[in-house]
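Novice: To be precise about what I am sending: the file is called work_24.cif and holds mmCIF, C-alpha atoms.
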```
data_data
loop_
_atom_site.label_atom_id
_atom_site.label_comp_id
_atom_site.auth_asym_id
_atom_site.auth_seq_id
_atom_site.Cartn_x
_atom_site.Cartn_y
_atom_site.Cartn_z
CA MET Z 32 122.74 96.01 71.90
CA ILE Z 33 125.60 95.96 69.47
CA ALA Z 34 125.86 93.45 66.63
CA HIS Z 35 128.98 92.86 64.59
CA VAL Z 36 128.19 91.48 61.16
CA TYR Z 37 130.99 89.82 59.22
CA ILE Z 38 130.41 89.52 55.48
CA GLU Z 39 132.87 87.27 53.72
CA LEU Z 40 133.16 85.66 50.32
CA LYS Z 41 132.13 82.04 50.06
CA LYS Z 42 134.77 79.39 49.54
CA GLY Z 43 135.58 79.09 45.87
CA VAL Z 44 134.67 82.69 45.06
CA ALA Z 45 137.75 84.58 43.92
CA ASP Z 46 138.89 87.40 46.17
CA PRO Z 47 140.96 89.68 43.91
CA GLU Z 48 141.23 92.30 46.65
CA GLY Z 49 142.76 89.78 49.03
CA GLU Z 50 145.02 88.35 46.32
CA ASN Z 51 146.36 91.77 45.41
CA THR Z 52 146.92 92.65 49.04
CA LYS Z 53 148.87 89.43 49.46
CA LYS Z 54 151.06 90.31 46.49
CA ALA Z 55 151.69 93.80 47.83
CA LEU Z 56 152.61 92.46 51.26
CA GLN Z 57 155.04 90.01 49.68
CA LEU Z 58 156.57 92.83 47.63
CA LEU Z 59 157.09 94.77 50.84
CA GLY Z 60 159.16 91.85 52.09
CA PHE Z 61 156.74 90.18 54.48
CA ASP Z 62 157.68 86.50 54.38
CA GLY Z 63 155.29 83.68 54.97
CA VAL Z 64 152.05 85.45 53.99
CA ARG Z 65 150.08 82.38 52.99
CA ASP Z 66 146.69 83.87 52.28
CA VAL Z 67 144.80 87.15 52.59
CA ARG Z 68 141.02 87.33 52.55
CA THR Z 69 138.97 90.49 52.76
CA ILE Z 70 136.07 90.58 55.20
CA LYS Z 71 133.66 93.44 55.66
CA VAL Z 72 132.43 94.22 59.15
CA PHE Z 73 129.36 96.25 60.03
CA ARG Z 74 128.90 97.40 63.61
CA ILE Z 75 125.18 97.85 64.18
CA GLU Z 76 123.67 99.42 67.27
CA LEU Z 77 120.15 98.26 68.03
CA ASP Z 78 117.48 99.41 70.49
CA GLU Z 79 116.54 95.75 70.86
CA LEU Z 80 117.21 94.24 74.30
CA ASP Z 81 116.41 90.59 73.58
CA GLU Z 82 119.45 88.88 72.11
CA ASP Z 83 117.55 86.33 70.02
CA GLN Z 84 115.22 88.89 68.57
CA GLY Z 85 118.11 91.21 67.83
CA LYS Z 86 119.96 88.45 66.08
CA ARG Z 87 116.93 87.58 63.97
CA LYS Z 88 116.58 91.21 62.99
CA VAL Z 89 120.21 91.41 61.92
CA GLU Z 90 119.87 88.14 60.00
CA GLU Z 91 117.05 89.71 58.06
CA MET Z 92 119.25 92.73 57.36
CA CYS Z 93 121.89 90.40 55.93
CA GLU Z 94 119.36 88.62 53.76
CA LYS Z 95 117.81 91.83 52.46
CA LEU Z 96 120.79 94.10 52.02
CA LEU Z 97 124.16 93.37 53.58
CA ALA Z 98 125.02 90.11 51.79
CA ASN Z 99 124.45 88.67 48.34
CA PRO Z 100 123.72 84.98 48.99
CA VAL Z 101 125.33 84.00 45.68
CA ILE Z 102 128.81 85.03 46.81
CA HIS Z 103 128.67 85.83 50.53
CA ASN Z 104 128.49 84.09 53.88
CA TYR Z 105 127.69 86.13 56.94
CA ARG Z 106 128.34 85.71 60.64
CA ILE Z 107 126.74 87.70 63.43
CA GLU Z 108 128.28 88.37 66.82
CA ILE Z 109 126.19 90.02 69.51
CA GLY Z 110 127.80 91.90 72.34
CA MET F 63 109.88 111.89 7.81
CA ARG F 64 110.38 113.15 11.33
CA TRP F 65 108.97 116.58 10.81
CA ILE F 66 105.33 117.43 10.49
CA GLN F 67 104.72 119.79 7.62
CA LEU F 68 103.37 123.18 8.60
CA GLY F 69 99.63 123.26 8.44
CA GLU F 70 99.32 119.55 8.72
CA MET F 71 97.01 119.41 11.69
CA ASP F 72 96.35 115.72 11.84
CA CYS F 73 99.58 114.08 12.80
CA ARG F 74 98.29 110.53 12.80
CA GLY F 75 99.51 108.45 9.95
CA ILE F 76 102.98 109.91 9.91
CA TRP F 77 104.24 106.78 11.61
CA GLY F 78 101.54 104.60 10.12
CA ASP F 79 99.20 103.77 12.98
CA ASP F 80 102.02 104.20 15.40
CA MET F 81 102.76 106.80 18.00
CA GLU F 82 104.94 109.76 17.26
CA ARG F 83 108.39 109.76 18.67
CA GLU F 84 107.90 112.77 20.92
CA ASP F 85 105.00 111.01 22.65
CA ILE F 86 107.31 108.26 23.79
CA ARG F 87 108.41 108.95 27.38
CA VAL F 88 111.59 107.55 28.85
CA ALA F 89 112.68 107.83 32.49
CA VAL F 90 116.33 107.69 33.44
CA VAL F 91 116.24 107.07 37.19
CA ARG F 92 118.88 108.75 39.29
CA ILE F 93 119.81 108.88 42.95
CA GLU F 94 122.86 110.35 44.63
CA GLY F 95 126.00 109.03 42.97
CA THR F 96 124.61 108.04 39.57
CA ASN F 97 126.58 109.91 36.92
CA CYS F 98 125.57 108.67 33.47
CA GLU F 99 121.97 109.86 33.52
CA ARG F 100 122.57 112.99 31.42
CA GLU F 101 124.32 111.20 28.56
CA THR F 102 121.82 108.32 28.65
CA ALA F 103 118.84 110.70 28.47
CA LEU F 104 120.61 112.57 25.66
CA ALA F 105 120.90 109.38 23.63
CA PHE F 106 117.11 109.14 23.67
CA LYS F 107 116.60 112.86 23.07
CA ARG F 108 118.80 112.70 20.01
CA LEU F 109 116.33 110.15 18.65
CA GLU F 110 113.61 112.72 19.28
CA VAL F 111 111.79 110.98 22.06
CA PHE F 112 110.96 112.62 25.38
CA ALA F 113 113.48 111.54 28.00
CA GLU F 114 114.06 112.94 31.46
CA GLU F 115 116.26 112.31 34.44
CA VAL F 116 113.99 111.43 37.34
CA HIS F 117 115.14 111.23 40.91
CA LEU F 118 113.85 108.10 42.64
CA LYS F 119 112.25 110.38 45.28
CA GLN F 120 109.97 111.86 42.63
CA PHE F 121 108.18 108.51 42.58
CA TYR F 122 107.31 108.34 46.25
CA SER F 123 108.29 111.26 48.47
CA ASP F 124 105.62 113.58 49.82
CA MET F 125 108.23 116.35 50.06
CA ILE F 126 108.14 116.75 46.28
CA ARG F 127 106.28 119.61 44.56
CA ASP F 128 103.19 118.42 42.74
CA GLU F 129 104.57 119.26 39.29
CA ASP F 130 107.63 117.13 39.98
CA LYS F 131 105.74 114.04 41.16
CA ARG F 132 105.99 111.07 38.86
CA SER F 133 104.63 107.55 38.52
CA LEU F 134 106.45 104.73 36.80
CA HIS F 135 103.39 104.34 34.62
CA ASP F 136 103.95 107.83 33.16
CA TYR F 137 106.72 106.23 31.09
CA HIS F 138 107.19 103.76 28.30
CA ALA F 139 110.73 102.76 29.18
CA VAL F 140 112.85 102.94 32.33
CA VAL F 141 116.62 103.09 32.46
CA PHE F 142 118.91 102.63 35.45
CA PRO F 143 122.05 104.51 34.42
CA GLY F 144 125.69 104.01 35.24
CA GLY F 145 127.58 105.62 38.07
CA PHE F 146 128.41 104.95 41.68
CA SER F 147 124.96 105.04 43.23
CA ALA F 148 125.09 105.64 46.98
CA GLY F 149 128.88 105.53 46.75
CA ASP F 150 128.87 101.82 45.88
CA TYR F 151 128.60 101.25 49.63
CA ILE F 152 127.92 97.67 50.79
CA ARG F 153 128.12 96.43 47.16
CA ALA F 154 127.72 98.22 43.85
CA GLY F 155 124.00 98.76 43.28
CA ALA F 156 122.90 97.26 46.63
CA ILE F 157 121.53 100.45 48.17
CA PHE F 158 119.89 101.73 44.97
CA SER F 159 118.17 98.38 44.52
CA ALA F 160 117.09 98.22 48.17
CA ARG F 161 115.44 101.61 47.75
CA VAL F 162 113.78 100.62 44.49
CA ARG F 163 112.54 97.43 46.10
CA SER F 164 111.07 99.27 49.06
CA VAL F 165 109.14 101.85 47.04
CA LEU F 166 108.72 100.65 43.46
CA ARG F 167 108.75 96.89 43.54
CA LYS F 168 105.09 96.40 42.70
CA ASP F 169 105.06 99.08 40.02
CA LEU F 170 108.22 97.78 38.43
CA LYS F 171 106.89 94.22 38.39
CA LYS F 172 103.75 95.40 36.62
CA PHE F 173 105.79 97.56 34.24
CA ILE F 174 107.99 94.62 33.29
CA GLY F 175 105.01 92.28 33.07
CA GLU F 176 103.38 94.60 30.55
CA GLY F 177 106.38 94.27 28.29
CA TRP F 178 107.84 97.79 28.60
CA PRO F 179 111.60 97.97 28.19
CA VAL F 180 113.76 98.19 31.31
CA LEU F 181 117.45 98.78 30.82
CA GLY F 182 120.34 98.75 33.26
CA ILE F 183 123.71 100.01 32.14
CA CYS F 184 126.82 99.29 34.22
CA ASN F 185 125.79 100.27 37.76
CA GLY F 186 122.21 99.93 36.49
CA PHE F 187 122.95 96.29 35.58
CA GLN F 188 124.19 95.77 39.14
CA VAL F 189 120.95 97.30 40.39
CA LEU F 190 118.81 94.95 38.27
CA VAL F 191 120.81 91.95 39.45
CA GLU F 192 120.51 92.94 43.12
CA LEU F 193 116.79 93.50 42.55
CA GLY F 194 116.37 89.97 41.26
CA ALA F 195 115.08 91.38 37.94
CA LEU F 196 117.90 89.52 36.14
CA PRO F 197 118.30 86.74 35.19
CA ALA F 198 114.73 86.28 36.56
CA PHE F 199 114.38 82.70 35.33
CA ASP F 200 111.00 82.43 37.04
CA GLY F 201 110.05 86.08 37.22
CA ILE F 202 111.60 88.64 39.57
CA SER F 203 113.30 86.69 42.35
CA GLU F 204 113.17 87.49 46.07
CA LYS F 205 116.94 87.28 46.39
CA PRO F 206 119.69 87.91 43.83
CA GLU F 207 120.35 84.84 41.65
CA MET F 208 123.76 86.03 40.48
CA ALA F 209 126.37 88.58 41.41
CA LEU F 210 128.58 91.13 39.70
CA GLY F 211 131.80 90.75 41.63
CA ILE F 212 135.07 92.63 41.77
CA ASN F 213 137.05 92.40 38.51
CA ASP F 214 139.72 89.70 38.49
CA SER F 215 142.35 92.41 38.08
CA SER F 216 141.02 94.10 41.23
CA ARG F 217 141.16 97.36 39.27
CA PHE F 218 138.79 99.76 37.64
CA GLU F 219 138.90 98.68 34.00
CA CYS F 220 138.14 101.46 31.56
CA ARG F 221 138.52 101.11 27.78
CA PRO F 222 136.69 100.24 24.56
CA THR F 223 135.35 96.68 24.61
CA PHE F 224 134.11 94.57 21.72
CA LEU F 225 130.92 92.63 22.17
CA LYS F 226 129.47 89.84 20.13
CA VAL F 227 125.72 90.16 19.80
CA GLU F 228 124.52 86.68 20.75
CA ASN F 229 120.83 87.42 20.59
CA GLN F 230 119.87 89.76 17.76
CA LYS F 231 116.16 89.26 18.16
CA ILE F 232 115.29 91.24 21.28
CA LEU F 233 114.14 94.84 21.03
CA PHE F 234 117.48 96.19 22.22
CA THR F 235 119.57 94.49 19.55
CA ARG F 236 117.26 94.29 16.55
CA ASN F 237 118.54 97.54 15.06
CA LEU F 238 122.25 97.04 15.68
CA GLY F 239 122.78 95.55 12.24
CA LYS F 240 126.13 94.08 13.28
CA ASN F 241 127.52 90.94 14.85
CA VAL F 242 130.18 92.72 16.84
CA VAL F 243 129.80 96.16 18.40
CA MET F 244 132.10 98.44 20.34
CA PHE F 245 130.73 99.85 23.59
CA PRO F 246 133.22 101.23 26.15
CA SER F 247 133.48 99.55 29.55
CA ALA F 248 134.24 101.38 32.77
CA HIS F 249 133.76 99.45 35.98
CA ALA F 250 135.44 97.79 38.95
CA GLU F 251 132.69 95.30 39.73
CA GLY F 252 131.50 93.67 36.54
CA LYS F 253 132.46 90.03 36.82
CA VAL F 254 129.42 87.82 36.30
CA ILE F 255 129.31 85.17 39.01
CA PHE F 256 126.77 82.37 39.32
CA PRO F 257 126.33 80.21 42.45
CA SER F 258 129.37 78.04 42.99
CA GLY F 259 129.00 74.57 41.51
CA ARG F 260 125.94 75.52 39.47
CA GLU F 261 127.69 77.59 36.81
CA GLU F 262 127.13 75.11 33.98
CA GLU F 263 123.48 74.74 34.86
CA TYR F 264 123.02 78.52 34.82
CA ILE F 265 124.76 78.96 31.49
CA GLU F 266 122.70 76.17 29.95
CA ARG F 267 119.52 77.72 31.25
CA LEU F 268 120.49 81.14 29.92
CA LYS F 269 121.34 79.65 26.55
CA GLU F 270 118.07 77.74 26.39
CA ASN F 271 116.12 80.95 26.98
CA ASN F 272 118.33 83.03 24.67
CA GLN F 273 119.14 85.26 27.62
CA ILE F 274 122.80 85.78 26.83
CA VAL F 275 122.84 88.96 24.75
CA PHE F 276 126.43 90.24 24.71
CA ARG F 277 129.75 88.44 25.17
CA TYR F 278 133.22 89.98 25.22
CA VAL F 279 135.35 89.23 22.17
CA ASP F 280 138.64 90.46 20.77
CA ARG F 281 138.84 92.82 17.81
CA ASN F 282 138.51 89.89 15.40
CA GLY F 283 135.26 88.79 17.00
CA ASP F 284 136.75 85.75 18.78
CA TYR F 285 136.05 85.00 22.44
CA ALA F 286 139.11 86.01 24.38
CA GLY F 287 140.30 86.49 27.95
CA TYR F 288 141.77 89.51 29.65
CA PRO F 289 142.12 92.28 28.59
CA TRP F 290 139.34 91.79 26.02
CA ASN F 291 137.17 90.41 28.77
CA PRO F 292 137.88 93.22 31.23
CA ASN F 293 136.57 91.60 34.39
CA GLY F 294 136.91 87.82 34.15
CA SER F 295 133.18 87.25 33.64
CA ILE F 296 132.20 83.62 33.32
CA TYR F 297 131.56 82.58 29.70
CA ASN F 298 132.64 86.13 28.69
CA ILE F 299 129.18 87.41 29.57
CA ALA F 300 128.79 91.18 29.20
CA GLY F 301 125.01 91.48 29.15
CA ILE F 302 121.93 89.34 29.74
CA CYS F 303 118.19 89.79 29.42
CA ASN F 304 115.18 88.23 31.13
CA PRO F 305 113.48 85.28 29.39
CA GLU F 306 110.91 87.64 27.80
CA GLY F 307 113.65 89.90 26.44
CA ASN F 308 112.32 93.24 27.69
CA VAL F 309 114.71 93.64 30.62
CA LEU F 310 118.37 94.01 29.70
CA GLY F 311 121.43 94.61 31.81
CA LEU F 312 124.93 95.13 30.47
CA MET F 313 128.21 96.38 31.88
CA PRO F 314 129.50 98.33 28.82
CA HIS F 315 128.05 101.74 27.99
CA PRO F 316 126.08 102.01 24.72
CA GLU F 317 125.37 105.69 25.44
CA ARG F 318 129.10 106.38 25.22
CA ALA F 319 129.22 105.05 21.67
CA PHE F 320 126.35 107.04 20.24
CA HIS F 321 128.38 109.25 17.90
CA PRO F 322 130.81 107.82 15.35
CA VAL F 323 133.57 109.99 16.83
CA SER F 324 133.24 108.14 20.13
CA HIS F 325 134.97 105.19 18.47
CA PRO F 326 138.74 105.38 19.02
CA GLU F 327 139.30 104.42 15.39
CA TRP F 328 136.70 106.74 13.93
CA THR F 329 139.09 108.33 11.44
CA ARG F 330 139.90 104.92 10.03
CA ASN F 331 136.66 102.99 10.13
CA GLN F 332 134.47 105.77 8.67
CA GLN F 333 131.31 104.61 10.40
CA LYS F 334 128.27 106.75 9.78
CA ASP F 335 126.89 106.20 13.29
CA GLY F 336 128.24 104.95 16.58
CA ASP F 337 127.19 101.41 17.52
CA GLY F 338 125.24 102.76 20.47
CA LYS F 339 122.85 104.64 18.22
CA GLY F 340 121.41 101.43 16.79
CA PHE F 341 121.00 100.12 20.32
CA PHE F 342 118.80 103.05 21.38
CA GLU F 343 117.01 103.04 18.04
CA GLY F 344 115.97 99.46 18.77
CA ILE F 345 114.22 100.59 21.95
CA VAL F 346 112.56 103.56 20.24
CA SER F 347 111.32 101.64 17.22
CA TYR F 348 109.91 98.93 19.49
CA LEU F 349 108.01 101.61 21.40
CA GLU F 350 106.74 103.26 18.23
CA LYS F 351 104.95 100.06 17.46
CA LYS F 352 103.89 99.26 21.00
CA VAL F 353 102.72 102.65 22.22
#
```
Show how you would write the structure in this file as structure tokens.

Specialist:
Amino acid sequence: MIAHVYIELKKGVADPEGENTKKALQLLGFDGVRDVRTIKVFRIELDELDEDQGKRKVEEMCEKLLANPVIHNYRIEIG
Amino acid sequence: MRWIQLGEMDCRGIWGDDMEREDIRVAVVRIEGTNCERETALAFKRLEVFAEEVHLKQFYSDMIRDEDKRSLHDYHAVVFPGGFSAGDYIRAGAIFSARVRSVLRKDLKKFIGEGWPVLGICNGFQVLVELGALPAFDGISEKPEMALGINDSSRFECRPTFLKVENQKILFTRNLGKNVVMFPSAHAEGKVIFPSGREEEYIERLKENNQIVFRYVDRNGDYAGYPWNPNGSIYNIAGICNPEGNVLGLMPHPERAFHPVSHPEWTRNQQKDGDGKGFFEGIVSYLEKKV
């Protein structure tokens, strides 16, 4: 089973990396770049066969290590 | 007063009823990627206490030679030094703190509960935050209560920073003897962030408990924004302690301001010691009395 974990900054938390990327893209002449947000993706391979159990396991991983609940939201996609 | 006269067999009494400096043991905990452990240990050694760099594995691994095995309770103070532990992967300090939590959590909780000093400098501050050991309003928390996010400038900010000492009563600051100190900053993720919408509540709570220890100021000692505040930290916070005052985390590096010549204006300001020296002396003199 493969899980994709998306870690992104919560709304309202500044994303200086995204902001700077936006500026750089505009400098390069890309018009109409309204917003850039950075998202981190982890691709996790699990031995687990049961989808629900796998998802719960990955949720625990997010809670314990992959995300800081103060600034991050996470989303898990299985498959 | 530091040296025992030859022939003086009974050393007790030299520090009153207190312990001698060389009996004080300090651990500077390293893993792969930490890089300030040598200078941090040296700061303590220069004050004539025993300090050593200890790899986290020495606390738990069974692959370690017996003479290299350590317990947290062998020490009187523990420091998490600066650097880029585990390559700053995931988030700065996240992996170091996960490893500490998995093998040392209980010991560290006891250590802190007994009032021994725990210090996190720069990456070490990030480790303590990820561990839930700061701000620790109600003891060490299960999950982080705050974050040290990417600097507003999105760059690695590296230069001398001026800090106002907001709490001069805890063991770390008692010996500074100054309202404003210069410790250099060098980090990319040092912006103090509290949960969105609860910032005021957090600041009030920190103020109530006297947990705000250092705030960024300009060279005149006034609160100021970038570049004096290098990262955009809320309320200019540079360092905080736990409510009991024995756990401190700060982004700037006191160990890099130990000698007077570390100050960029040392030829002009003619300081006898660097500001960092008083910082480490605070820890040592606290331990002299406690040990």

Novice: Could you work out which residues of chain Z fall inside 10 Å of chain F? Count only C-alpha atoms, and format the result as a list in words.

Specialist: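 For chain Z, the answer reads Ile38, Lys41, Lys42, Gly43, Val44, Ala45, Asp46, Pro47, Glu48, Gly49, Glu50, Asn51, Thr52, Lys71, Phe73, Glu94, Lys95, Leu96, Leu97, Ala98, Asn99, Pro100, Val101, Ile102 and His103 of chain Z.
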
Novice: As a check of understanding, name the residues that the PyMOL selection byres ((chain F and resi 86) around 9) selects in the supplied structure, as a list in words.

Specialist: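 With the PyMOL selection byres ((chain F and resi 86) around 9) on this model, the match is Met81, Glu82, Arg83, Glu84, Asp85, Arg87, Val88, Glu110, Val111, Phe112, Ala113, Tyr137, His138, Ala139, Val346, Leu349, Glu350 and Val353 of chain F.
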
Novice: Ranking F:Ser324, F:Asn272, F:Gln230, F:Ser347 by minimum distance to F:Pro246 and counting only C-alpha atoms, which one comes first?

Specialist: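 Closest to F:Pro246 of all the choices is F:Ser324.
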
Novice: Could you jot down the atom CA of F:Ala89 to atom CA of F:Asn308 separation for me, Å, one decimal place?

Specialist: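 Answer for the atom CA of F:Ala89 to atom CA of F:Asn308 separation: 15.4 Å.
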
Novice: Have a look at atom CA of F:Phe158 and atom CA of F:Phe234 and let me know their distance in Å, one decimal.

Specialist: 23.5 Å

Novice: Step by step, work through what the PyMOL selection byres ((chain F and resi 225) around 6) selects in the shown file, and finish by giving those residues as a list in words.

Specialist: Phe224, Lys226, Val242, Val243, Phe276, Arg277, Tyr278 and Val279 of chain F

Novice: Residues at most 12 Å from F:Gly287, counting all atoms listed in the file, excluding those fewer than 2 positions away in the same chain, as a list in words?

Specialist: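 The residues satisfying every condition are Asp214, Ser215, Thr223, Phe224, Arg277, Tyr278, Val279, Asp280, Asp284, Tyr285, Pro289, Trp290, Asn291, Pro292, Asn293, Gly294, Ser295, Ile296, Tyr297, Asn298 and Ile299 of chain F.
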
Novice: If I take atom CA of F:Phe106 and atom CA of F:Pro197, how far is one from the other in Å, to one decimal?

Specialist: 25.2 Å

Novice: Please determine, counting only C-alpha atoms, which residue among Z:Cys93, Z:Lys88, Z:Tyr37, Z:Glu82 has the shortest atom-to-atom distance to Z:Gly110.

Specialist: Z:Glu82

Novice: Leaving out F:Val91 and any residue of its chain fewer than 4 positions from it, which residues lie within 10 Å of it when counting all atoms listed in the file, given as JSON, numbers by chain?

Specialist: {"F": [96, 99, 103, 114, 115, 116, 117, 118, 119, 120, 121, 140, 141, 142, 143, 186]}
